[in-house]
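Asker: Next comes run-v1.cif, mmCIF, C-alpha atoms:
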```cif
data_model
loop_
_atom_site.label_atom_id
_atom_site.label_comp_id
_atom_site.auth_asym_id
_atom_site.auth_seq_id
_atom_site.Cartn_x
_atom_site.Cartn_y
_atom_site.Cartn_z
CA MET A 27 -2.04 6.16 18.92
CA TRP A 28 -0.10 3.36 20.63
CA ILE A 29 -0.71 -0.34 20.23
CA GLY A 30 0.39 -1.41 23.68
CA ASP A 31 0.20 -5.17 23.36
CA LEU A 32 -0.85 -7.64 20.70
CA ARG A 33 -0.94 -11.38 21.26
CA VAL A 34 -2.44 -14.22 19.31
CA ALA A 35 -2.86 -17.65 20.92
CA PRO A 36 -0.15 -20.05 19.70
CA LEU A 37 -2.68 -22.35 18.01
CA ARG A 38 -4.14 -19.40 16.09
CA ARG A 39 -0.87 -17.96 14.78
CA ARG A 40 0.09 -17.83 11.09
CA ARG A 41 -3.58 -17.50 10.11
CA GLY A 42 -3.87 -13.73 9.70
CA TRP A 43 -5.38 -12.93 13.10
CA GLY A 44 -2.56 -10.59 14.12
CA ARG A 45 -2.77 -8.72 10.83
CA ARG A 46 -6.53 -8.34 11.21
CA LEU A 47 -6.18 -7.05 14.76
CA VAL A 48 -3.60 -4.47 13.66
CA ARG A 49 -5.74 -3.36 10.72
CA ALA A 50 -8.69 -2.91 13.10
CA ALA A 51 -6.54 -0.81 15.45
CA GLU A 52 -5.38 1.28 12.48
CA GLY A 53 -9.05 1.80 11.58
CA VAL A 54 -9.70 3.08 15.10
CA ALA A 55 -6.75 5.45 14.74
CA ARG A 56 -8.20 6.81 11.49
CA ALA A 57 -11.63 7.23 13.07
CA MET A 58 -10.02 9.20 15.90
CA SER A 59 -8.09 11.34 13.37
CA SER A 60 -4.81 9.96 14.68
CA HIS A 61 -2.46 9.62 11.75
CA VAL A 62 0.44 7.88 13.49
CA VAL A 63 0.33 4.42 15.06
CA THR A 64 3.25 3.53 17.30
CA VAL A 65 4.39 0.18 18.69
CA PHE A 66 7.21 -1.02 20.93
CA PRO A 67 7.71 -4.53 19.51
CA LEU A 68 9.51 -7.41 21.13
CA VAL A 69 12.65 -8.28 19.20
CA HIS A 70 11.21 -11.50 17.74
CA ALA A 71 8.09 -9.62 16.53
CA VAL A 72 9.92 -6.93 14.51
CA PRO A 73 9.55 -8.80 11.16
CA PHE A 74 5.76 -9.02 11.72
CA TRP A 75 5.51 -5.27 12.21
CA GLN A 76 7.81 -4.56 9.27
CA ARG A 77 5.60 -6.69 6.99
CA LEU A 78 2.67 -4.47 8.01
CA GLY A 79 4.53 -1.30 7.04
CA TYR A 80 5.93 -0.21 10.41
CA ARG A 81 9.38 1.32 10.37
CA PRO A 82 11.86 2.33 13.07
CA HIS A 83 11.27 5.77 14.52
CA ASP A 84 13.93 8.22 13.35
CA ARG A 85 15.17 8.79 16.93
CA THR A 86 15.08 5.26 18.34
CA ALA A 87 15.19 1.90 16.59
CA ARG A 88 13.15 0.20 19.34
CA VAL A 89 9.98 2.16 18.58
CA TYR A 90 8.26 1.51 15.27
CA VAL A 91 5.74 3.85 13.65
CA LYS A 92 3.36 3.87 10.74
CA ILE A 93 1.54 6.79 9.17
CA VAL A 94 -2.07 5.80 8.48
CA THR A 95 -4.28 7.71 6.10
CA ALA A 96 -7.87 7.46 4.91
CA ALA A 97 -6.57 6.12 1.58
CA GLU A 98 -5.48 2.85 3.23
CA GLU A 99 -9.04 1.79 4.18
#
```
Go ahead and render the structure in this file as structure tokens.
Answerer:
Amino acid sequence: MWIGDLRVAPLRRRRGWGRRLVRAAEGVARAMSSHVVTVFPLVHAVPFWQRLGYRPHDRTARVYVKIVTAAEE
């Protein structure tokens, strides 16, 4: 599953909204039996995705992936 775009309004940032949105998307991926979530983060957003467990794809550093399992719920 791809997360194509994720934005939180500037006044709402640093309050956990982005993390909650990503966790909800990961829940959808689990429900659809998709075990890999992929993102193409903007350069300034890479630390956010890394904090949530996303790592560079082994073939390209611009695409980040995370394996999601039922155990993470």
Asker: Can you pull out every residue within 7 Å of Tyr80 in chain A, counting only C-alpha atoms, but drop anything in the same chain fewer than 4 positions away, and send it as a list in words?
Answerer: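 The filter keeps Trp75, Gln76, Tyr90, Val91 and Lys92 of chain A.
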Asker: Find, counting all atoms listed in the file, the residue in A:His83, A:Gly44, A:Arg38, A:Thr95 that gets nearest to Phe66 in chain A.
Answerer: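 Among the listed residues, the smallest separation from Phe66 in chain A belongs to A:His83.
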Asker: To test your reading of the syntax: which residues would the PyMOL selection byres ((chain A and resi 88) around 10) return for the file shown? Reply as a PyMOL selection string.
Answerer: chain A and resi 65-69+72+81-83+85-87+89-90
Asker: List as a list of chain:residue names the protein and nucleic acid residues near Ala55 in chain A, meaning an atom at most 12 Å away when all atoms listed in the file are counted, but skip any in the same chain fewer than 2 places from it.
Answerer: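 Contacts, in chain order: A:Met27, A:Trp28, A:Ile29, A:Val48, A:Arg49, A:Ala50, A:Ala51, A:Glu52, A:Gly53, A:Ala57, A:Met58, A:Ser59, A:Ser60, A:His61, A:Val62, A:Val63, A:Thr64, A:Lys92, A:Ile93, A:Val94, A:Thr95, A:Ala96, A:Glu98, A:Glu99.
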Asker: Using CA of Arg77 in chain A and CA of Asp31 in chain A as the two end points, give the distance in Å to one decimal.
Answerer: 17.3 Å
